[in-house]
Each structure stands twice: as structure tokens, then as C-alpha cells.
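Undergrad: Please see the structure below; I have some questions.
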Amino acid sequence: MSAQQIRNARTIDQVVRSLGFSGQAALVTLVAAVGESDLVNVDYGDTAGPDSRGLFQQRSSWGTEAQRMDPVYATQSFLLGPQHDGKAHGPGGTGLVAIPGWQSMTPAAAIHAVQINADPNHYTKFIPEARQIAARAGIDLTHAGSDLTSAGLAAVSSGGCTGITADAAAVGTGACPLDGVFAPGHKNPNTCNQALAFEQAQIDSGTHQWHRACLALVARAYGWHGSGEATARQAAQTIIDAGQMHTDTTDIPRGAILWWDGSAVGNSAGHVAIYAGGGLIYSSDAPANDGSVGRVPWDYPMSRWHQRLLGWSPPYFLHSA
């Protein structure tokens, strides 16, 4: 059992949880990935499907090669279908949650309905290995979830799960339009690519050191020892006072800092996270409230925690050290 398998298993579980689905959905998805690629993100296909790629060996009709090679995007596709809408589009074009009665099927039957393997029982033999990997990765396969289907997925799909672009696949590379924007006298030690790589490293390491430390995490990602602010909400006010808060979310730049106000739900400290591109953020305590870091849809603090979005800003640390 390799570190890559553990990392990919945790990514699958994070995506399942971020969409609100159950441990059963996580099990089925893990079994599929083990059966298709042994939970290794392979960049080649086979004789039956030379264009197959990624954890789920998805064909070219399921997205670009970069999308199919992105474990987050590929997992969303397996669950929601290649159009990420949770609707049935015929054999070979339908995600798990649009398969009628998938919850009562065996994992092998449910996977076959999505993957259309030549042998409908092909995936049965991979169930024990998937369970073993889940146990090693600390994944709870019994947790509850909504397991929405078809029309019920509209609210989930509007939460940033559609429109994922290829830049989400490459954590440490991509355009960083805000790298030249910083607080006077406080040029950030790290670029946005370095900041995002730091966040991904927290996921890969499995650390749980960031519980209720979202602002510290963001500051550290950009190379600072600390933000110099007591809470994320206080730091957001500094951003507002400096005229650096933007409220138009139609085109959030990669590497931007997103800010939320939780005072209406009893969280006066607020929340902050870094935008990774492709509709995703790196956030502490999401989706598990245990100090770990996750890569989740950008509106997760709104849809799950009911915090109000204040806007986004460049990495502007006026009081950092």
C-alpha cells in the first residue's frame, strides 16, 4: 500500500464529503478506482481504451486529459457524470448518483452501471482491498449523507462543482496574476504557486495542526510566520479599510484570498482560505472539522457553515511578520 494510494483515497473521500454524499458512495468510488487503476493516477490506457486516463480510466468523452488526470475532477465526474450535472445521459455518460437505486446495488453492480465494463462482476474482487486502503487512510465508510440524485443535485452543482477547469490539476503551476500585489513594505515571501504547493503538502502529510487556525494557515502558505491579526474577521476588516476587498466573484484570480463573516451563526472569528483555481479553495477544517486541510468548492463556507462571503483580496498582509 503506497503513499500515493493513501493520498488518492483521501482525495476521493474529501470530494464525496464535499458533495454531501455518504460513506457508501465513498466505498463504491474507492472500489472503482482500485479496480480501474489500483488507486494510481496513471497517464495511459489499455488495448480496450487507449485514450483512458486517470484514477477511473475515463475515456476522452469524460473531459480533457488534464481534467481526467486531476483526481478531484475525475472523482466528481464519476459521481456526477461527465457533465457534472448529476443527470442520466445514457450508458457511458452517467455518474453514480444518477443510477436509479445505486444505494441498494452491490458496489460492483453500481460501478458497472457507470463504467460499463465488459465483465459486470469485475469490481467485486477489489472490495476487500478498497476497504483496507480506507482503513489505513482513516476514512469512515459508514458516515451519513444525502446521496442526492438528478433534480436534487441542483443545489450541490451550483456550489462550484461545475465548470472545473484544467488549472485545478496542476497544484504548483499556473498563472498567478496577483503575485505583484501586496501590502506596502510587505512583499510576500512566497508566490501563489508556492502557497498552493504548501497547502497541498498539508493534505499530503495528513497533518491535523490547523484546527481553527485558518488565518495562520493562509499566512504560512504565503511565507509569513504570522498574519499579525487576531482573527480572520479582523484581518478582513484591514483588507476592507485598505480598499483591497473585491465582491465580484465571476472571475476570482488564482491565489486570491477569500474572506467570510460568520457572526450571524455565532462565529465572530470568520474564515479565510486561498483560491486554488477551477472553482476550488484550500481550506482548514474542511471537509473534516479536525484541523486537516481540504480542497473543496469555493463556496463551502457558505453552503455548509452558512457564513457570509465578504469577498476576495490579493495576498495583502499589512501586519504580517
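In the C-alpha cells, the first chain shown is A, the next is B, and so on; residue numbers restart at 1 for each chain, and ligands run from 1 in the order shown.
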Contacts of segment 120-133 of chain A at 12 Å or less, counting only C-alpha atoms, minus same-chain residues fewer than 2 places along, as a PyMOL selection string?

TA: chain A and resi 1-10+12-13+23-24+26-39+105-118+135-142

Undergrad: Counting only C-alpha atoms, what is within 12 Å of Trp62 of chain A, bar same-chain residues fewer than 4 positions away, as an NGL selection string?

TA: :A and (51-54 or 56-58 or 66-69 or 73-78 or 80-84 or 89 or 92-95 or 114-115)

Undergrad: Emit the selected residues as an mmCIF file, in the first residue's frame, including N, CA and C atoms.

TA:
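Output file result_0.cif follows:
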data_model
loop_
_atom_site.group_PDB
_atom_site.id
_atom_site.type_symbol
_atom_site.label_atom_id
_atom_site.label_comp_id
_atom_site.auth_asym_id
_atom_site.auth_seq_id
_atom_site.Cartn_x
_atom_site.Cartn_y
_atom_site.Cartn_z
ATOM 1 N N ASP A 51 -7.352 5.646 -24.986
ATOM 2 C CA ASP A 51 -7.457 7.042 -24.554
ATOM 3 C C ASP A 51 -7.866 7.159 -23.095
ATOM 4 N N SER A 52 -7.976 6.052 -22.382
ATOM 5 C CA SER A 52 -8.359 6.080 -20.966
ATOM 6 C C SER A 52 -7.249 6.695 -20.126
ATOM 7 N N ARG A 53 -7.649 7.470 -19.109
ATOM 8 C CA ARG A 53 -6.676 8.148 -18.262
ATOM 9 C C ARG A 53 -7.181 8.247 -16.820
ATOM 10 N N GLY A 54 -6.220 8.349 -15.906
ATOM 11 C CA GLY A 54 -6.519 8.716 -14.533
ATOM 12 C C GLY A 54 -6.979 7.596 -13.630
ATOM 13 N N PHE A 56 -9.871 6.630 -12.724
ATOM 14 C CA PHE A 56 -11.033 5.858 -13.132
ATOM 15 C C PHE A 56 -10.947 5.410 -14.594
ATOM 16 N N GLN A 57 -9.778 5.619 -15.209
ATOM 17 C CA GLN A 57 -9.581 5.240 -16.606
ATOM 18 C C GLN A 57 -10.732 5.766 -17.479
ATOM 19 N N GLN A 58 -11.009 7.041 -17.326
ATOM 20 C CA GLN A 58 -12.106 7.668 -18.057
ATOM 21 C C GLN A 58 -11.687 7.972 -19.496
ATOM 22 N N ALA A 66 -6.178 16.681 -19.065
ATOM 23 C CA ALA A 66 -5.822 17.324 -17.804
ATOM 24 C C ALA A 66 -6.932 17.130 -16.772
ATOM 25 N N GLN A 67 -8.188 17.227 -17.197
ATOM 26 C CA GLN A 67 -9.302 17.034 -16.278
ATOM 27 C C GLN A 67 -9.361 15.603 -15.780
ATOM 28 N N ARG A 68 -9.189 14.646 -16.668
ATOM 29 C CA ARG A 68 -9.256 13.233 -16.275
ATOM 30 C C ARG A 68 -8.070 12.827 -15.407
ATOM 31 N N MET A 69 -6.966 13.564 -15.521
ATOM 32 C CA MET A 69 -5.789 13.297 -14.696
ATOM 33 C C MET A 69 -5.834 14.041 -13.361
ATOM 34 N N TYR A 73 -11.315 16.394 -10.061
ATOM 35 C CA TYR A 73 -12.254 16.468 -11.177
ATOM 36 C C TYR A 73 -12.741 15.077 -11.571
ATOM 37 N N ALA A 74 -11.831 14.116 -11.653
ATOM 38 C CA ALA A 74 -12.196 12.763 -12.066
ATOM 39 C C ALA A 74 -13.185 12.132 -11.091
ATOM 40 N N THR A 75 -12.986 12.372 -9.792
ATOM 41 C CA THR A 75 -13.912 11.832 -8.795
ATOM 42 C C THR A 75 -15.277 12.490 -8.929
ATOM 43 N N GLN A 76 -15.300 13.794 -9.123
ATOM 44 C CA GLN A 76 -16.572 14.477 -9.340
ATOM 45 C C GLN A 76 -17.278 13.914 -10.571
ATOM 46 N N SER A 77 -16.512 13.618 -11.624
ATOM 47 C CA SER A 77 -17.102 13.049 -12.835
ATOM 48 C C SER A 77 -17.701 11.674 -12.562
ATOM 49 N N PHE A 78 -16.985 10.836 -11.833
ATOM 50 C CA PHE A 78 -17.519 9.505 -11.521
ATOM 51 C C PHE A 78 -18.835 9.621 -10.764
ATOM 52 N N LEU A 80 -20.919 12.489 -10.517
ATOM 53 C CA LEU A 80 -21.933 13.353 -11.124
ATOM 54 C C LEU A 80 -22.125 13.125 -12.616
ATOM 55 N N GLY A 81 -21.195 12.413 -13.255
ATOM 56 C CA GLY A 81 -21.233 12.234 -14.703
ATOM 57 C C GLY A 81 -20.316 13.228 -15.388
ATOM 58 N N PRO A 82 -19.986 12.988 -16.662
ATOM 59 C CA PRO A 82 -19.001 13.824 -17.356
ATOM 60 C C PRO A 82 -19.432 15.279 -17.500
ATOM 61 N N GLN A 83 -20.732 15.565 -17.415
ATOM 62 C CA GLN A 83 -21.187 16.940 -17.494
ATOM 63 C C GLN A 83 -21.326 17.590 -16.117
ATOM 64 N N HIS A 84 -21.028 16.836 -15.069
ATOM 65 C CA HIS A 84 -21.070 17.325 -13.690
ATOM 66 C C HIS A 84 -22.442 17.899 -13.328
ATOM 67 N N HIS A 89 -27.319 10.435 -18.777
ATOM 68 C CA HIS A 89 -27.075 10.744 -20.177
ATOM 69 C C HIS A 89 -26.769 9.468 -20.966
ATOM 70 N N GLY A 92 -22.466 4.947 -20.330
ATOM 71 C CA GLY A 92 -21.161 5.542 -20.558
ATOM 72 C C GLY A 92 -21.136 7.050 -20.412
ATOM 73 N N GLY A 93 -22.253 7.643 -20.003
ATOM 74 C CA GLY A 93 -22.293 9.089 -19.831
ATOM 75 C C GLY A 93 -23.031 9.511 -18.578
ATOM 76 N N THR A 94 -23.167 8.587 -17.629
ATOM 77 C CA THR A 94 -23.961 8.829 -16.423
ATOM 78 C C THR A 94 -23.126 8.568 -15.184
ATOM 79 N N GLY A 95 -23.172 9.491 -14.223
ATOM 80 C CA GLY A 95 -22.452 9.327 -12.969
ATOM 81 C C GLY A 95 -23.213 8.459 -11.988
ATOM 82 N N VAL A 114 -21.872 2.638 -14.200
ATOM 83 C CA VAL A 114 -21.168 3.872 -14.580
ATOM 84 C C VAL A 114 -20.095 3.570 -15.627
ATOM 85 N N GLN A 115 -19.270 2.573 -15.345
ATOM 86 C CA GLN A 115 -18.079 2.313 -16.148
ATOM 87 C C GLN A 115 -18.335 1.444 -17.381
#

Undergrad: Out of segment 148-313 of chain A, which residues get helix (DSSP H, G or I) from DSSP, as a ChimeraX atom specification?

TA: /A:150-161,166-168,192-205,214-221,232-241,263-265,300-303

Undergrad: Need the shell around Ser313 of chain A: protein/DNA/RNA residues with any atom at most 7 Å away, counting only C-alpha atoms. Skip same-chain ones fewer than 6 positions apart. Format as a VMD selection string?

TA: chain A and resid 244 to 246 256 to 258

Undergrad: Please produce a file of those selected residues containing N, CA, C and O atoms, as an mmCIF file, in the first residue's frame.

TA:
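Listed below is the output, selection_25.cif:
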data_model
loop_
_atom_site.group_PDB
_atom_site.id
_atom_site.type_symbol
_atom_site.label_atom_id
_atom_site.label_comp_id
_atom_site.auth_asym_id
_atom_site.auth_seq_id
_atom_site.Cartn_x
_atom_site.Cartn_y
_atom_site.Cartn_z
ATOM 1 N N GLN A 244 -8.948 46.870 -0.560
ATOM 2 C CA GLN A 244 -8.477 45.707 -1.312
ATOM 3 C C GLN A 244 -9.495 44.575 -1.402
ATOM 4 O O GLN A 244 -9.189 43.520 -1.955
ATOM 5 N N MET A 245 -10.709 44.768 -0.858
ATOM 6 C CA MET A 245 -11.724 43.713 -0.897
ATOM 7 C C MET A 245 -12.564 43.843 -2.169
ATOM 8 O O MET A 245 -13.096 44.909 -2.472
ATOM 9 N N HIS A 246 -12.664 42.742 -2.914
ATOM 10 C CA HIS A 246 -13.431 42.708 -4.160
ATOM 11 C C HIS A 246 -14.643 41.796 -3.975
ATOM 12 O O HIS A 246 -14.515 40.700 -3.440
ATOM 13 N N ALA A 256 -5.911 34.123 -4.982
ATOM 14 C CA ALA A 256 -6.617 35.138 -4.205
ATOM 15 C C ALA A 256 -6.992 34.595 -2.830
ATOM 16 O O ALA A 256 -7.094 33.380 -2.623
ATOM 17 N N ILE A 257 -7.212 35.503 -1.891
ATOM 18 C CA ILE A 257 -7.651 35.143 -0.548
ATOM 19 C C ILE A 257 -9.146 35.437 -0.437
ATOM 20 O O ILE A 257 -9.587 36.546 -0.735
ATOM 21 N N LEU A 258 -9.935 34.435 -0.028
ATOM 22 C CA LEU A 258 -11.369 34.617 0.156
ATOM 23 C C LEU A 258 -11.686 34.761 1.635
ATOM 24 O O LEU A 258 -11.114 34.045 2.467
#

Undergrad: So that each row is one residue of segment 167-283 of chain A with an atom at most 7 Å from segment 297-307 of chain A, can you give its shortest atom pair and the distance in Å to one decimal, using only C-alpha atoms, rows by chain and rising number, as JSON lines?

TA:
{"residue": "A:Trp260", "atom": "CA", "partner": "A:Gln307", "partner_atom": "CA", "distance": 6.0}
{"residue": "A:Asp261", "atom": "CA", "partner": "A:Gln307", "partner_atom": "CA", "distance": 5.6}
{"residue": "A:Gly262", "atom": "CA", "partner": "A:Gln307", "partner_atom": "CA", "distance": 4.5}
{"residue": "A:Gly279", "atom": "CA", "partner": "A:Trp298", "partner_atom": "CA", "distance": 5.7}
{"residue": "A:Leu280", "atom": "CA", "partner": "A:Pro297", "partner_atom": "CA", "distance": 4.5}
{"residue": "A:Ile281", "atom": "CA", "partner": "A:Trp298", "partner_atom": "CA", "distance": 5.0}

Undergrad: Determine which residues of segment 78-321 of chain A receive a DSSP assignment of strand (DSSP E or B), computed from the backbone, and state them as a PyMOL selection string.

TA: chain A and resi 183+186+246+257-262+267-277+280-284+293-297+308-313

Undergrad: Just to be explicit: take each residue in the selection above, keep N, CA and C atoms, and write the result as a compact mmCIF listing (two decimals), in the first residue's frame.

TA:
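Wrote again_11.txt, looks like this:
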# COMPACT_ATOMS: atom_id res chain seq x y z
N ALA A 183 0.84 44.24 0.34
CA ALA A 183 0.74 45.40 1.22
C ALA A 183 2.05 46.20 1.16
N HIS A 186 5.44 44.97 2.54
CA HIS A 186 5.24 43.58 2.95
C HIS A 186 5.10 42.68 1.72
N HIS A 246 -12.66 42.74 -2.91
CA HIS A 246 -13.43 42.71 -4.16
C HIS A 246 -14.64 41.80 -3.98
N ILE A 257 -7.21 35.50 -1.89
CA ILE A 257 -7.65 35.14 -0.55
C ILE A 257 -9.15 35.44 -0.44
N LEU A 258 -9.93 34.43 -0.03
CA LEU A 258 -11.37 34.62 0.16
C LEU A 258 -11.69 34.76 1.64
N TRP A 259 -12.62 35.65 1.94
CA TRP A 259 -12.94 36.02 3.33
C TRP A 259 -14.43 35.83 3.62
N TRP A 260 -14.73 35.29 4.80
CA TRP A 260 -16.12 35.09 5.21
C TRP A 260 -16.36 35.66 6.61
N ASP A 261 -17.61 36.07 6.84
CA ASP A 261 -18.06 36.58 8.14
C ASP A 261 -19.05 35.58 8.72
N GLY A 262 -18.73 35.02 9.88
CA GLY A 262 -19.60 34.03 10.49
C GLY A 262 -20.38 34.55 11.68
N ASN A 267 -20.05 32.67 14.89
CA ASN A 267 -18.60 32.55 14.70
C ASN A 267 -18.04 33.94 14.40
N SER A 268 -17.65 34.64 15.44
CA SER A 268 -17.17 36.01 15.26
C SER A 268 -15.78 36.07 14.64
N ALA A 269 -15.06 34.93 14.63
CA ALA A 269 -13.70 34.91 14.08
C ALA A 269 -13.70 34.90 12.57
N GLY A 270 -14.79 34.41 11.94
CA GLY A 270 -14.84 34.34 10.49
C GLY A 270 -13.97 33.22 9.94
N HIS A 271 -13.76 33.27 8.62
CA HIS A 271 -12.96 32.24 7.96
C HIS A 271 -12.24 32.85 6.77
N VAL A 272 -11.13 32.20 6.39
CA VAL A 272 -10.33 32.66 5.25
C VAL A 272 -9.72 31.44 4.57
N ALA A 273 -9.55 31.52 3.26
CA ALA A 273 -8.98 30.41 2.50
C ALA A 273 -8.36 30.94 1.22
N ILE A 274 -7.53 30.12 0.58
CA ILE A 274 -6.86 30.50 -0.67
C ILE A 274 -7.58 29.86 -1.84
N TYR A 275 -7.80 30.66 -2.89
CA TYR A 275 -8.44 30.15 -4.11
C TYR A 275 -7.42 29.40 -4.95
N ALA A 276 -7.73 28.13 -5.26
CA ALA A 276 -6.80 27.27 -5.99
C ALA A 276 -7.02 27.31 -7.49
N GLY A 277 -8.10 27.95 -7.94
CA GLY A 277 -8.47 27.90 -9.34
C GLY A 277 -9.46 26.78 -9.59
N LEU A 280 -12.23 25.86 -6.82
CA LEU A 280 -11.86 25.20 -5.57
C LEU A 280 -11.03 26.12 -4.67
N ILE A 281 -11.12 25.86 -3.37
CA ILE A 281 -10.26 26.54 -2.39
C ILE A 281 -9.52 25.50 -1.57
N TYR A 282 -8.39 25.92 -1.02
CA TYR A 282 -7.73 25.16 0.04
C TYR A 282 -8.20 25.76 1.36
N SER A 283 -8.73 24.93 2.23
CA SER A 283 -9.30 25.42 3.48
C SER A 283 -8.96 24.50 4.63
N SER A 284 -8.70 25.08 5.80
CA SER A 284 -8.56 24.28 7.00
C SER A 284 -9.95 23.84 7.47
N VAL A 293 -6.47 19.89 6.23
CA VAL A 293 -6.70 20.82 5.12
C VAL A 293 -7.36 20.06 3.99
N GLY A 294 -8.33 20.69 3.33
CA GLY A 294 -9.02 20.05 2.21
C GLY A 294 -9.09 20.98 1.01
N ARG A 295 -9.32 20.39 -0.16
CA ARG A 295 -9.55 21.15 -1.38
C ARG A 295 -11.02 20.97 -1.73
N VAL A 296 -11.82 22.00 -1.53
CA VAL A 296 -13.27 21.90 -1.60
C VAL A 296 -13.83 23.02 -2.48
N PRO A 297 -15.11 22.92 -2.90
CA PRO A 297 -15.72 24.00 -3.68
C PRO A 297 -15.60 25.34 -2.96
N ARG A 308 -21.21 34.27 5.64
CA ARG A 308 -21.43 35.23 4.57
C ARG A 308 -20.11 35.60 3.90
N LEU A 309 -20.09 35.50 2.57
CA LEU A 309 -18.87 35.87 1.84
C LEU A 309 -18.70 37.38 1.85
N LEU A 310 -17.54 37.82 2.30
CA LEU A 310 -17.21 39.24 2.26
C LEU A 310 -16.61 39.63 0.92
N GLY A 311 -15.87 38.71 0.31
CA GLY A 311 -15.23 38.98 -0.97
C GLY A 311 -13.87 38.33 -1.04
N TRP A 312 -13.09 38.75 -2.01
CA TRP A 312 -11.74 38.23 -2.17
C TRP A 312 -10.75 39.39 -2.26
N SER A 313 -9.52 39.07 -1.96
CA SER A 313 -8.48 40.09 -2.00
C SER A 313 -7.19 39.48 -2.52
